[in-house]
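Notes follow the structure.
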Amino acid sequence: MLERDFLKIGARMYRARKARGLTQAEVAEAAEISDRTYADIERGSVNMRLETMLSICTALKITPDELLTTVPPDETDTEEILSLLNTCGAAEKQTALKLLKVYLQSLH
């Protein structure tokens, strides 16, 4: 479903930016817009032109679909899990996998 709520779109931009370890200034520079404009867009307080959205998507390495479409909750959870795992080193990922296996076995 197409999202039209600028606050939700801005929240998706925020999550994508944080998942990549970028600052607002870094995204703004890569998207060739001012820091202030990017901050306003991310807060959902202003609309953005199509060209601006495409530049931001390129800077965040995401597709416009990721900003503009709603995702069912289970897919959102998967994205969050993968995003968290992407911030971990190899040893941390192994520990997380072991913990997940133990947890899932405890459910049965």
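All residue names refer to the structure tokens as shown: chains lettered A, B, ... in order, residues numbered from 1 in each chain, ligands numbered from 1 in order.
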
- Item | DSSP alpha helix (DSSP H) residues within chain A, as a PyMOL selection string | chain A and resi 6-19+24-31+35-43+50-60+64-68+73-86+90-106

Counting only C-alpha atoms, which residues in stretch 10-70 of chain A sit no more than 12 Å from stretch 87-97 of chain A? For each one, give the nearest pair of atoms and the distance in Å, sorted by chain then residue number, as CSV.
residue,atom,partner,partner_atom,distance
A:Lys18,CA,A:Thr87,CA,10.3
A:Ala19,CA,A:Thr87,CA,7.7
A:Arg20,CA,A:Thr87,CA,8.6
A:Gly21,CA,A:Thr87,CA,8.9

Could those residues be written to a file, using N, CA and C atoms, as a CSV table (one decimal), in the first residue's frame?
chain,number,residue,atom,x,y,z
A,18,LYS,N,20.2,5.4,10.0
A,18,LYS,CA,20.9,4.8,11.2
A,18,LYS,C,21.4,3.5,11.0
A,19,ALA,N,20.7,2.6,10.2
A,19,ALA,CA,21.2,1.3,9.9
A,19,ALA,C,22.5,1.3,9.1
A,20,ARG,N,22.7,2.4,8.4
A,20,ARG,CA,24.0,2.5,7.6
A,20,ARG,C,25.0,3.3,8.3
A,21,GLY,N,24.7,3.8,9.5
A,21,GLY,CA,25.7,4.5,10.3
A,21,GLY,C,26.0,5.9,9.7

- Query: Got a sec: who's within 9 Å of A:Asp5, counting only C-alpha atoms, leaving out chain neighbours fewer than 4 positions off, as a PyMOL selection string?
  - Reply: chain A and resi 9-10+44

If you keep N, CA and C atoms, can you produce a file of those selected residues as a compact mmCIF listing (two decimals), in the first residue's frame?
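Everything below was put into again.txt:
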# COMPACT_ATOMS: atom_id res chain seq x y z
N ILE A 9 7.18 8.30 6.34
CA ILE A 9 8.24 8.27 5.33
C ILE A 9 9.55 8.77 5.95
N GLY A 10 9.47 9.85 6.71
CA GLY A 10 10.66 10.37 7.39
C GLY A 10 11.23 9.37 8.38
N GLY A 44 9.58 14.77 8.70
CA GLY A 44 8.24 14.71 8.13
C GLY A 44 7.52 16.03 8.14

- Query: Residues at most 10 Å from A:Ser45, counting only C-alpha atoms, excluding those fewer than 5 positions away in the same chain, as a list in words?
  - Reply: Phe6, Leu7, Gly10, Thr37, Ala39 and Asp40 of chain A

- Of the candidates A:Met13, A:Ala25, A:Ile62, A:Leu68, which shows the shortest atom-to-atom distance to A:Leu50, using only C-alpha atoms?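 Going through A:Met13, A:Ala25, A:Ile62, A:Leu68 one by one, the smallest distance to A:Leu50 is for A:Leu68.
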
- Just give me the gap between atom CA of A:Leu84 and atom CA of A:Leu22 in Å, one decimal is fine. 14.9 Å
